[in-house]
>>> print(open('entry06.txt').read())   # compact mmCIF, C-alpha atoms
# COMPACT_ATOMS: atom_id res chain seq x y z
CA MET A 1 -12.24 3.15 3.95
CA HIS A 2 -13.98 4.65 6.96
CA THR A 3 -13.07 8.08 8.31
CA LEU A 4 -14.09 9.65 11.59
CA THR A 5 -13.03 12.80 13.40
CA VAL A 6 -11.78 13.15 16.94
CA ALA A 7 -12.61 16.63 18.22
CA ILE A 8 -10.11 18.08 20.71
CA PRO A 9 -11.10 21.68 21.42
CA HIS A 10 -7.78 22.79 22.94
CA MET A 11 -5.66 21.49 20.04
CA PRO A 12 -4.46 24.14 17.54
CA ALA A 13 -6.29 22.31 14.73
CA GLY A 14 -9.20 21.40 16.99
CA GLN A 15 -9.50 17.87 15.59
CA TYR A 16 -7.77 15.01 13.82
CA SER A 17 -8.88 12.25 11.48
CA VAL A 18 -8.88 8.49 12.04
CA ARG A 19 -8.90 6.39 8.88
CA ILE A 20 -9.83 2.70 9.02
CA GLY A 21 -9.55 0.17 6.22
CA THR A 22 -8.11 -3.06 4.87
CA GLY A 23 -4.73 -2.72 3.12
CA LEU A 24 -4.45 0.90 4.27
CA LEU A 25 -0.80 0.56 5.31
CA ARG A 26 0.31 0.70 1.68
CA GLU A 27 -1.42 4.07 1.31
CA ALA A 28 -0.51 5.46 4.73
CA TYR A 29 2.68 7.22 3.68
CA LEU A 30 0.88 9.04 0.86
CA LEU A 31 -1.79 10.12 3.36
CA LEU A 32 0.98 11.24 5.70
CA GLU A 33 2.63 13.32 2.98
CA SER A 34 -0.72 14.97 2.27
CA GLU A 35 -1.80 15.62 5.86
CA CYS A 36 1.65 16.54 7.19
CA ALA A 37 2.99 18.33 4.11
CA GLY A 38 6.38 19.97 4.58
CA ARG A 39 7.36 17.81 7.56
CA THR A 40 10.21 15.33 7.75
CA ALA A 41 9.08 11.87 8.80
CA PHE A 42 10.92 9.77 11.38
CA VAL A 43 9.53 6.30 12.14
CA VAL A 44 9.59 4.76 15.62
CA THR A 45 8.82 1.05 15.53
CA ASP A 46 10.03 -2.21 17.09
CA ALA A 47 11.83 -5.37 16.02
CA ASN A 48 8.63 -7.43 15.76
CA VAL A 49 7.02 -4.93 13.39
CA VAL A 50 10.13 -4.84 11.23
CA ALA A 51 10.24 -8.66 11.12
CA ALA A 52 6.57 -8.73 10.05
CA GLY A 53 7.45 -6.49 7.07
CA HIS A 54 5.23 -3.58 8.09
CA LEU A 55 8.01 -0.96 8.07
CA GLN A 56 8.93 -1.89 4.50
CA THR A 57 5.26 -1.79 3.46
CA LEU A 58 4.86 1.68 4.95
CA ILE A 59 7.94 3.42 3.55
CA GLY A 60 8.61 1.42 0.38
CA ASP A 61 11.84 2.63 -1.26
CA ARG A 62 11.75 6.05 0.41
CA ASP A 63 14.75 7.26 2.41
CA VAL A 64 13.14 7.64 5.83
CA GLY A 65 14.93 7.72 9.17
CA SER A 66 13.83 5.29 11.84
CA PHE A 67 14.46 3.97 15.34
CA VAL A 68 13.78 0.30 16.06
CA ILE A 69 12.95 -0.55 19.69
CA ASP A 70 14.62 -3.82 20.68
CA PRO A 71 13.65 -5.74 22.69
CA PRO A 72 10.01 -5.06 21.84
CA GLY A 73 7.36 -4.65 24.51
CA GLU A 74 7.23 -3.61 28.13
CA PRO A 75 10.95 -4.21 28.97
CA SER A 76 11.84 -1.23 26.74
CA LYS A 77 9.04 1.05 27.94
CA ASN A 78 11.25 3.30 30.04
CA MET A 79 13.05 6.63 30.10
CA GLN A 80 16.24 5.08 28.71
CA THR A 81 14.43 4.26 25.46
CA ILE A 82 13.00 7.78 25.29
CA ALA A 83 16.50 9.23 25.71
CA ALA A 84 17.87 6.94 22.99
CA ILE A 85 15.16 8.01 20.53
CA LEU A 86 15.70 11.70 21.25
CA GLU A 87 19.46 11.35 20.84
CA ALA A 88 18.98 9.53 17.52
CA MET A 89 16.71 12.30 16.26
CA GLU A 90 19.17 14.95 17.40
CA ASP A 91 22.03 13.08 15.75
CA ALA A 92 20.00 13.08 12.50
CA SER A 93 19.73 16.90 12.75
CA LEU A 94 15.93 16.77 12.87
CA GLY A 95 14.07 19.92 13.81
CA ARG A 96 10.64 21.14 14.81
CA ASP A 97 9.32 20.33 11.33
CA THR A 98 9.60 16.60 12.18
CA VAL A 99 6.63 14.24 12.31
CA ILE A 100 7.21 11.05 14.27
CA VAL A 101 5.37 8.05 12.84
CA ALA A 102 4.49 5.52 15.57
CA LEU A 103 4.32 2.19 13.75
CA GLY A 104 3.49 -0.63 16.15
CA GLY A 105 1.47 -1.66 19.16
CA GLY A 106 0.51 0.20 22.29
CA THR A 107 4.03 0.26 23.71
CA VAL A 108 5.45 1.77 20.52
CA GLY A 109 2.63 4.32 20.39
CA ASP A 110 3.14 5.38 24.00
CA ILE A 111 6.90 5.69 23.62
CA ALA A 112 6.81 7.48 20.26
CA GLY A 113 4.09 9.87 21.44
CA PHE A 114 6.08 10.73 24.55
CA ALA A 115 9.22 11.34 22.49
CA ALA A 116 7.25 13.58 20.11
CA SER A 117 5.84 15.60 22.99
CA VAL A 118 9.29 16.55 24.33
CA PHE A 119 11.54 16.70 21.24
CA LYS A 120 12.30 20.38 20.53
CA ARG A 121 9.43 21.13 22.96
CA GLY A 122 6.98 19.18 20.84
CA VAL A 123 6.63 17.86 17.30
CA ALA A 124 3.77 16.14 15.49
CA VAL A 125 3.09 12.42 15.81
CA VAL A 126 1.02 10.14 13.56
CA GLN A 127 -0.18 6.84 15.00
CA VAL A 128 -0.17 3.73 12.77
CA PRO A 129 -1.28 0.95 15.16
CA THR A 130 -0.56 -2.68 14.29
CA THR A 131 -2.12 -4.65 17.19
CA THR A 132 -5.63 -5.26 18.50
CA VAL A 133 -4.96 -3.30 21.68
CA SER A 134 -3.50 -0.27 19.90
CA GLN A 135 -6.17 -0.23 17.18
CA ALA A 136 -8.92 -0.42 19.80
CA ASP A 137 -7.57 1.98 22.36
CA SER A 138 -4.08 3.37 22.74
CA ALA A 139 -3.59 4.98 19.31
CA ILE A 140 -6.48 7.37 19.93
CA GLY A 141 -6.71 9.93 22.69
CA GLY A 142 -3.21 11.30 23.06
CA LYS A 143 -2.04 9.46 26.18
CA THR A 144 1.68 8.81 26.15
CA GLY A 145 3.93 7.33 28.79
CA VAL A 146 6.59 4.99 30.04
CA ASP A 147 6.97 2.86 33.15
CA SER A 148 9.01 3.57 36.25
CA SER A 149 10.73 0.85 38.25
CA LEU A 150 7.66 0.83 40.51
CA SER A 151 4.56 1.30 38.36
CA LYS A 152 3.10 1.26 34.84
CA ASN A 153 2.82 4.50 32.82
CA ALA A 154 4.24 6.51 35.71
CA PHE A 155 5.69 9.24 33.46
CA GLY A 156 3.91 10.69 30.45
CA THR A 157 2.08 13.49 28.71
CA PHE A 158 -1.10 14.18 26.77
CA TRP A 159 0.00 14.64 23.16
CA HIS A 160 -2.70 14.08 20.59
CA PRO A 161 -1.75 12.71 17.17
CA ALA A 162 -2.02 14.67 13.96
CA ALA A 163 -3.70 11.63 12.36
CA VAL A 164 -4.34 7.91 12.93
CA TYR A 165 -4.25 5.23 10.21
CA ILE A 166 -5.71 1.81 11.09
CA ASP A 167 -5.18 -1.13 8.73
CA VAL A 168 -6.99 -4.19 10.10
CA ALA A 169 -5.19 -6.44 7.61
CA VAL A 170 -1.92 -6.12 9.56
CA LEU A 171 -3.53 -8.08 12.41
CA ALA A 172 -2.97 -11.22 10.35
CA THR A 173 0.70 -11.17 11.41
CA LEU A 174 -0.07 -10.93 15.14
CA ASP A 175 0.46 -14.08 17.19
CA ASP A 176 -2.69 -15.64 18.60
CA LEU A 177 -2.16 -14.73 22.26
CA GLN A 178 -1.35 -11.08 21.51
CA TYR A 179 -4.36 -10.93 19.20
CA ARG A 180 -6.80 -12.33 21.77
CA ALA A 181 -5.39 -10.33 24.68
CA GLY A 182 -5.72 -7.07 22.77
CA LEU A 183 -9.42 -7.74 22.19
CA VAL A 184 -10.09 -7.25 25.92
CA GLU A 185 -10.03 -3.48 25.32
CA SER A 186 -12.84 -3.95 22.80
CA VAL A 187 -14.89 -5.85 25.39
CA LYS A 188 -14.23 -3.02 27.84
CA HIS A 189 -15.54 -0.42 25.39
CA GLY A 190 -18.83 -2.27 25.04
CA LEU A 191 -19.14 -2.63 28.81
CA ILE A 192 -18.60 1.03 29.60
CA ALA A 193 -20.40 2.76 26.76
CA ASP A 194 -22.38 0.68 24.25
CA ARG A 195 -24.51 -2.35 25.10
CA GLY A 196 -25.31 -2.90 21.42
CA TYR A 197 -21.63 -3.13 20.59
CA PHE A 198 -21.04 -5.56 23.47
CA GLU A 199 -23.84 -7.75 22.11
CA TYR A 200 -22.44 -7.49 18.55
CA PHE A 201 -19.07 -8.63 19.90
CA GLU A 202 -20.72 -11.57 21.68
CA ALA A 203 -22.66 -12.58 18.58
CA ASN A 204 -19.67 -12.33 16.25
CA ILE A 205 -16.95 -13.73 18.48
CA ASP A 206 -16.24 -16.64 16.11
CA ALA A 207 -15.71 -14.32 13.13
CA ILE A 208 -13.56 -12.02 15.28
CA LEU A 209 -11.36 -14.91 16.40
CA GLN A 210 -11.09 -16.03 12.76
CA ARG A 211 -9.93 -12.47 11.89
CA ASP A 212 -12.71 -11.80 9.39
CA LEU A 213 -11.63 -8.49 7.87
CA ALA A 214 -15.11 -7.04 7.35
CA VAL A 215 -16.02 -7.76 10.98
CA LEU A 216 -12.69 -6.36 12.19
CA GLU A 217 -13.38 -3.10 10.34
CA ARG A 218 -16.73 -2.83 12.16
CA VAL A 219 -15.04 -3.58 15.47
CA ALA A 220 -12.33 -0.97 14.85
CA LEU A 221 -14.92 1.63 13.83
CA ALA A 222 -17.04 0.98 16.94
CA ASN A 223 -13.98 1.18 19.20
CA CYS A 224 -12.85 4.44 17.66
CA ARG A 225 -16.29 6.02 17.89
CA ILE A 226 -16.54 5.18 21.58
CA LYS A 227 -13.02 6.37 22.36
CA ALA A 228 -13.42 9.54 20.26
CA ALA A 229 -16.65 10.52 22.02
CA VAL A 230 -15.15 10.10 25.49
CA VAL A 231 -11.90 11.88 24.62
CA ALA A 232 -13.72 14.82 23.00
CA GLU A 233 -15.67 15.35 26.21
CA ASP A 234 -12.67 15.04 28.53
CA PRO A 235 -9.34 15.27 26.63
CA THR A 236 -7.05 15.32 29.69
CA GLU A 237 -8.85 12.86 31.99
CA LYS A 238 -10.28 15.23 34.55
CA ASN A 239 -13.36 13.07 35.09
CA LYS A 240 -15.35 11.13 32.46
CA ARG A 241 -12.34 9.87 30.52
CA ARG A 242 -11.56 7.76 33.58
CA ILE A 243 -14.25 5.32 32.44
CA LEU A 244 -11.73 4.09 29.86
CA ASN A 245 -9.80 2.69 32.84
CA TYR A 246 -12.55 0.22 33.72
CA GLY A 247 -10.82 -2.95 34.91
CA HIS A 248 -7.45 -1.21 34.77
CA THR A 249 -6.93 -0.19 38.40
CA ILE A 250 -6.62 -3.76 39.63
CA GLY A 251 -5.52 -4.92 36.17
CA HIS A 252 -2.49 -2.62 36.07
CA ALA A 253 -1.60 -3.67 39.61
CA VAL A 254 -1.76 -7.36 38.70
CA GLU A 255 0.28 -6.70 35.55
CA SER A 256 2.96 -4.97 37.64
CA ALA A 257 2.88 -7.68 40.34
CA SER A 258 3.43 -10.32 37.64
CA ASP A 259 6.63 -8.48 36.67
CA TYR A 260 4.95 -8.02 33.29
CA THR A 261 4.86 -11.74 32.54
CA LEU A 262 1.14 -11.17 31.93
CA LEU A 263 0.15 -9.27 28.80
CA HIS A 264 -1.79 -6.06 29.35
CA GLY A 265 -5.03 -7.58 28.07
CA GLN A 266 -4.65 -10.63 30.28
CA ALA A 267 -4.22 -8.44 33.35
CA VAL A 268 -7.14 -6.19 32.38
CA ALA A 269 -9.36 -9.26 31.95
CA ILE A 270 -8.58 -10.16 35.57
CA GLY A 271 -9.26 -6.53 36.52
CA ILE A 272 -12.66 -6.60 34.79
CA VAL A 273 -13.63 -9.74 36.70
CA ALA A 274 -12.43 -8.08 39.91
CA ALA A 275 -14.54 -5.00 39.16
CA GLY A 276 -17.54 -7.28 38.57
CA LEU A 277 -17.07 -8.96 41.95
CA ILE A 278 -16.78 -5.55 43.63
CA GLU A 279 -19.98 -4.45 41.90
CA GLN A 280 -21.74 -7.54 43.25
CA ARG A 281 -20.51 -6.87 46.78
CA MET A 282 -21.66 -3.24 46.55
CA GLY A 283 -25.11 -4.23 45.29
CA LEU A 284 -24.56 -2.72 41.83
CA SER A 285 -24.74 -5.86 39.69
CA ARG A 286 -27.80 -7.68 38.44
CA ASP A 287 -27.90 -11.46 38.47
CA GLY A 288 -26.00 -13.03 35.61
CA ARG A 289 -24.04 -9.98 34.47
CA LEU A 290 -20.65 -11.10 35.73
CA GLU A 291 -21.23 -14.63 34.42
CA ARG A 292 -21.94 -13.22 30.96
CA ILE A 293 -18.75 -11.14 31.05
CA ARG A 294 -16.71 -14.08 32.30
CA ALA A 295 -18.08 -16.22 29.48
CA LEU A 296 -16.98 -13.73 26.82
CA LEU A 297 -13.52 -13.28 28.33
CA GLY A 298 -13.34 -17.07 28.52
CA ARG A 299 -13.98 -17.27 24.77
CA LEU A 300 -10.89 -15.08 24.39
CA GLN A 301 -9.03 -17.59 26.59
CA MET A 302 -8.10 -14.91 29.07
CA PRO A 303 -7.17 -15.65 32.70
CA LEU A 304 -10.02 -14.97 35.13
CA THR A 305 -8.08 -15.35 38.39
CA ILE A 306 -4.88 -13.87 39.79
CA PRO A 307 -1.87 -16.14 39.11
CA PRO A 308 0.13 -17.44 42.08
CA GLN A 309 3.23 -15.36 41.32
CA CYS A 310 1.29 -12.12 42.00
CA ARG A 311 1.57 -11.39 45.71
CA ARG A 312 -1.34 -9.63 47.41
CA GLU A 313 0.93 -7.03 49.02
CA ASP A 314 2.48 -6.14 45.66
CA ILE A 315 -0.97 -5.71 44.10
CA LEU A 316 -2.15 -3.42 46.90
CA ALA A 317 1.07 -1.38 46.78
CA ALA A 318 0.69 -0.89 43.03
CA MET A 319 -2.95 0.17 43.47
CA ALA A 320 -1.87 2.82 45.97
CA ARG A 321 0.33 4.34 43.25
CA ASP A 322 -2.50 4.32 40.67
CA LYS A 323 -2.98 7.68 38.95
CA LYS A 324 -6.58 7.88 40.22
CA ALA A 325 -5.56 7.21 43.82
CA VAL A 326 -6.12 9.93 46.42
CA SER A 327 -3.92 9.82 49.54
CA GLY A 328 -2.91 6.28 48.62
CA ARG A 329 -6.50 5.05 48.23
CA PRO A 330 -7.49 3.95 44.74
CA LYS A 331 -10.72 5.07 43.09
CA LEU A 332 -12.40 2.55 40.81
CA VAL A 333 -14.62 2.87 37.75
CA LEU A 334 -17.71 0.67 38.16
CA LEU A 335 -20.56 -0.39 35.88
CA ASP A 336 -24.15 0.67 36.41
CA GLU A 337 -25.18 -1.88 33.78
CA ILE A 338 -23.68 -3.29 30.59
CA GLY A 339 -23.10 -0.28 28.36
CA SER A 340 -23.20 2.29 31.17
CA THR A 341 -20.76 3.31 33.90
CA LEU A 342 -21.77 4.42 37.37
CA CYS A 343 -21.87 8.19 37.88
CA ARG A 344 -22.51 9.62 41.35
CA ASN A 345 -22.40 13.33 42.13
CA GLY A 346 -20.98 13.89 38.66
CA GLN A 347 -17.99 11.60 39.32
CA PHE A 348 -17.03 8.45 37.42
CA ALA A 349 -14.31 7.06 39.74
CA HIS A 350 -15.44 5.93 43.17
CA ASP A 351 -14.19 5.02 46.61
CA VAL A 352 -14.48 1.34 47.40
CA PRO A 353 -14.16 0.12 51.00
CA PRO A 354 -10.69 -1.44 51.46
CA ALA A 355 -12.28 -4.55 52.99
CA ILE A 356 -14.16 -5.20 49.72
CA ILE A 357 -10.99 -4.76 47.66
CA ASP A 358 -9.08 -7.10 49.99
CA LYS A 359 -11.80 -9.74 49.87
CA THR A 360 -11.98 -9.54 46.08
CA ILE A 361 -8.23 -9.95 45.63
CA GLU A 362 -8.25 -12.83 48.12
CA GLU A 363 -11.08 -14.58 46.25
CA LEU A 364 -9.38 -14.21 42.88
CA SER A 365 -6.07 -15.47 44.27
CA ARG A 366 -7.40 -18.87 45.41
>>> encode(input="entry06.txt", output="structure tokens")
Amino acid sequence: MHTLTVAIPHMPAGQYSVRIGTGLLREAYLLLESECAGRTAFVVTDANVVAAGHLQTLIGDRDVGSFVIDPPGEPSKNMQTIAAILEAMEDASLGRDTVIVALGGGTVGDIAGFAASVFKRGVAVVQVPTTTVSQADSAIGGKTGVDSSLSKNAFGTFWHPAAVYIDVAVLATLDDLQYRAGLVESVKHGLIADRGYFEYFEANIDAILQRDLAVLERVALANCRIKAAVVAEDPTEKNKRRILNYGHTIGHAVESASDYTLLHGQAVAIGIVAAGLIEQRMGLSRDGRLERIRALLGRLQMPLTIPPQCRREDILAAMARDKKAVSGRPKLVLLDEIGSTLCRNGQFAHDVPPAIIDKTIEELSR
């Protein structure tokens, strides 16, 4: 088992541990009882996770309260689900000594973290991610949120977990498309922060796609180290943490414009290609860089163009509501080179001429 620490200076404890291993889910509840001693656990999960048997593996024969999100995924990522969870916890007479256990993918983690941040003015949450996207990204860093009727993650809080337990073996139950789409966040991490990791991912793509457990542990550890370093420097996304949104500004907009028929990773893959085209048009990209990125995303069988159902006007409207937008104009994270993001005047999110954004969206929509 690997253990690393995420340092968050403003947290009461100042840090939390991330544990990574194979078969860790069977030990997770014992770790929870040790690290959150004296707290009453309440599990938030979804119907897919229950069907895969992960809830039973986690709690065994213990009498533990739970809330099962159904339907799973983005359709339930809203304030109505948050209200239902809070009411269920209130009905169970839970108090401020509760620890919510988020068992599932990124949507479960975001919802459960948000619920934890507002129940009784805040209770602990432990993240137990079960998908490639949540193990790579969303379980670490404390971002929580739900969607509005207009945009993704419109409402949320920063609420860092008390602990994170990552069992790469649970990825065996993930369907192939979800598995591959979630790996886009791993590609993003290499692009923004670690060229060596990007090259390791390229070199080991076959083993990754075959779900080799030893390789997946290395991938999870690299992802967590990158995310932990960025979050420790900028816990509440004032500046540098924005680099984690590389490919997400246009990606989120495409995801919204597709009415969430695209998976998050599929939309972010399109957003990464869009960012690469923008970098070319702004003279920031060396020859061959975008082709190399496209090739790797292609190995993951991700879409590289905007599907016909995504209207240009809907994409632009969603970008205007992006959290990094200023006066309706989005700011984009851009690469300096593979493994390094562009920083100008101390800022990591940049203005891009609207004509370049329009031309890029038009090119990708052909």
>>> atom_distance(input="entry06.txt", atom1="atom CA of A:Gly141", atom2="atom CA of A:Lys227")
7.3 Å
>>> closest_residue(input="entry06.txt", among="A:Glu279, A:Asn239, A:Val164, A:Ala193", to="A:Ile356", atoms="only C-alpha atoms")
A:Glu279
>>> closest_residue(input="entry06.txt", among="A:Gly122, A:Thr3, A:Thr157, A:Glu74", to="A:Thr261", atoms="all atoms listed in the file")
A:Glu74
>>> closest_residue(input="entry06.txt", among="A:Leu262, A:Ile166, A:Ile338, A:Val146", to="A:Leu290", atoms="all atoms listed in the file")
A:Ile338
>>> residues_around(input="entry06.txt", residues="stretch 80-88 of chain A", least_positions_apart="3", cutoff="12 Å", atoms="only C-alpha atoms", output="number ranges by chain")
A: 42-46, 65-77, 91-95, 98, 100, 107-123, 144-149, 155-156
>>> closest_residue(input="entry06.txt", among="A:Arg19, A:Arg62, A:His160, A:Lys188", to="A:Pro129", atoms="only C-alpha atoms")
A:Arg19
>>> atom_distance(input="entry06.txt", atom1="atom CA of A:Asp314", atom2="atom CA of A:Gly251")
12.5 Å
>>> atom_distance(input="entry06.txt", atom1="atom CA of A:Met302", atom2="atom CA of A:Thr341")
22.7 Å
>>> closest_residue(input="entry06.txt", among="A:Leu277, A:Ala28, A:Ile243, A:Ile20", to="A:Val168", atoms="all atoms listed in the file")
A:Ile20
>>> residues_around(input="entry06.txt", residues="A:Val49", least_positions_apart="2", cutoff="10 Å", atoms="only C-alpha atoms", output="VMD selection string")
chain A and resid 45 to 47 51 to 56 68 to 69 72 103 to 105 108 130 to 131 170 173 to 174
>>> closest_residue(input="entry06.txt", among="A:Thr57, A:Asn48, A:Ser365, A:Thr40", to="A:Val125", atoms="only C-alpha atoms")
A:Thr40
>>> residues_around(input="entry06.txt", residues="A:Arg292", least_positions_apart="3", cutoff="12 Å", atoms="all atoms listed in the file", output="MDAnalysis selection string")
chainID A and resid 187 191 198:199 202 273 276 285:289 295:299 338
>>> decode(input="entry06.txt", residues="stretch 282-304 of chain A", atoms="N, CA and C atoms", output="PDB file, in the first residue's frame")
ATOM      1  N   MET A 282      -2.103  30.750 -31.274  1.00  0.00           N
ATOM      2  CA  MET A 282      -1.466  31.814 -30.497  1.00  0.00           C
ATOM      3  C   MET A 282       0.052  31.696 -30.507  1.00  0.00           C
ATOM      4  N   GLY A 283       0.577  30.759 -31.310  1.00  0.00           N
ATOM      5  CA  GLY A 283       2.024  30.609 -31.426  1.00  0.00           C
ATOM      6  C   GLY A 283       2.688  29.999 -30.209  1.00  0.00           C
ATOM      7  N   LEU A 284       1.950  29.201 -29.447  1.00  0.00           N
ATOM      8  CA  LEU A 284       2.477  28.627 -28.206  1.00  0.00           C
ATOM      9  C   LEU A 284       2.885  27.171 -28.343  1.00  0.00           C
ATOM     10  N   SER A 285       2.541  26.543 -29.461  1.00  0.00           N
ATOM     11  CA  SER A 285       2.730  25.101 -29.609  1.00  0.00           C
ATOM     12  C   SER A 285       3.837  24.787 -30.600  1.00  0.00           C
ATOM     13  N   ARG A 286       4.693  23.856 -30.222  1.00  0.00           N
ATOM     14  CA  ARG A 286       5.730  23.389 -31.129  1.00  0.00           C
ATOM     15  C   ARG A 286       5.162  22.351 -32.080  1.00  0.00           C
ATOM     16  N   ASP A 287       5.800  22.193 -33.210  1.00  0.00           N
ATOM     17  CA  ASP A 287       5.339  21.243 -34.214  1.00  0.00           C
ATOM     18  C   ASP A 287       5.239  19.839 -33.620  1.00  0.00           C
ATOM     19  N   GLY A 288       4.121  19.196 -33.869  1.00  0.00           N
ATOM     20  CA  GLY A 288       3.953  17.810 -33.479  1.00  0.00           C
ATOM     21  C   GLY A 288       3.336  17.590 -32.122  1.00  0.00           C
ATOM     22  N   ARG A 289       3.228  18.618 -31.300  1.00  0.00           N
ATOM     23  CA  ARG A 289       2.716  18.423 -29.938  1.00  0.00           C
ATOM     24  C   ARG A 289       1.250  18.004 -29.955  1.00  0.00           C
ATOM     25  N   LEU A 290       0.436  18.728 -30.688  1.00  0.00           N
ATOM     26  CA  LEU A 290      -0.983  18.406 -30.719  1.00  0.00           C
ATOM     27  C   LEU A 290      -1.210  17.032 -31.344  1.00  0.00           C
ATOM     28  N   GLU A 291      -0.446  16.688 -32.363  1.00  0.00           N
ATOM     29  CA  GLU A 291      -0.589  15.373 -32.995  1.00  0.00           C
ATOM     30  C   GLU A 291      -0.290  14.254 -31.999  1.00  0.00           C
ATOM     31  N   ARG A 292       0.706  14.470 -31.167  1.00  0.00           N
ATOM     32  CA  ARG A 292       1.071  13.478 -30.149  1.00  0.00           C
ATOM     33  C   ARG A 292      -0.063  13.313 -29.120  1.00  0.00           C
ATOM     34  N   ILE A 293      -0.651  14.432 -28.720  1.00  0.00           N
ATOM     35  CA  ILE A 293      -1.754  14.388 -27.762  1.00  0.00           C
ATOM     36  C   ILE A 293      -2.971  13.718 -28.385  1.00  0.00           C
ATOM     37  N   ARG A 294      -3.268  14.091 -29.627  1.00  0.00           N
ATOM     38  CA  ARG A 294      -4.391  13.467 -30.331  1.00  0.00           C
ATOM     39  C   ARG A 294      -4.200  11.955 -30.432  1.00  0.00           C
ATOM     40  N   ALA A 295      -2.983  11.530 -30.701  1.00  0.00           N
ATOM     41  CA  ALA A 295      -2.706  10.106 -30.849  1.00  0.00           C
ATOM     42  C   ALA A 295      -2.995   9.354 -29.548  1.00  0.00           C
ATOM     43  N   LEU A 296      -2.603   9.934 -28.415  1.00  0.00           N
ATOM     44  CA  LEU A 296      -2.833   9.267 -27.136  1.00  0.00           C
ATOM     45  C   LEU A 296      -4.324   9.235 -26.801  1.00  0.00           C
ATOM     46  N   LEU A 297      -5.014  10.345 -27.011  1.00  0.00           N
ATOM     47  CA  LEU A 297      -6.460  10.360 -26.779  1.00  0.00           C
ATOM     48  C   LEU A 297      -7.164   9.394 -27.734  1.00  0.00           C
ATOM     49  N   GLY A 298      -6.628   9.265 -28.942  1.00  0.00           N
ATOM     50  CA  GLY A 298      -7.174   8.303 -29.892  1.00  0.00           C
ATOM     51  C   GLY A 298      -7.031   6.868 -29.408  1.00  0.00           C
ATOM     52  N   ARG A 299      -5.912   6.561 -28.739  1.00  0.00           N
ATOM     53  CA  ARG A 299      -5.727   5.226 -28.168  1.00  0.00           C
ATOM     54  C   ARG A 299      -6.786   4.939 -27.103  1.00  0.00           C
ATOM     55  N   LEU A 300      -7.257   5.997 -26.448  1.00  0.00           N
ATOM     56  CA  LEU A 300      -8.331   5.838 -25.466  1.00  0.00           C
ATOM     57  C   LEU A 300      -9.711   5.818 -26.123  1.00  0.00           C
ATOM     58  N   GLN A 301      -9.715   5.941 -27.456  1.00  0.00           N
ATOM     59  CA  GLN A 301     -10.952   5.948 -28.243  1.00  0.00           C
ATOM     60  C   GLN A 301     -11.884   7.084 -27.833  1.00  0.00           C
ATOM     61  N   MET A 302     -11.294   8.234 -27.570  1.00  0.00           N
ATOM     62  CA  MET A 302     -12.069   9.403 -27.209  1.00  0.00           C
ATOM     63  C   MET A 302     -12.421  10.226 -28.450  1.00  0.00           C
ATOM     64  N   PRO A 303     -13.557  10.916 -28.445  1.00  0.00           N
ATOM     65  CA  PRO A 303     -13.892  11.802 -29.559  1.00  0.00           C
ATOM     66  C   PRO A 303     -12.916  12.975 -29.612  1.00  0.00           C
ATOM     67  N   LEU A 304     -12.570  13.386 -30.818  1.00  0.00           N
ATOM     68  CA  LEU A 304     -11.612  14.483 -30.997  1.00  0.00           C
ATOM     69  C   LEU A 304     -12.238  15.674 -31.710  1.00  0.00           C
TER      70      LEU A 304
END
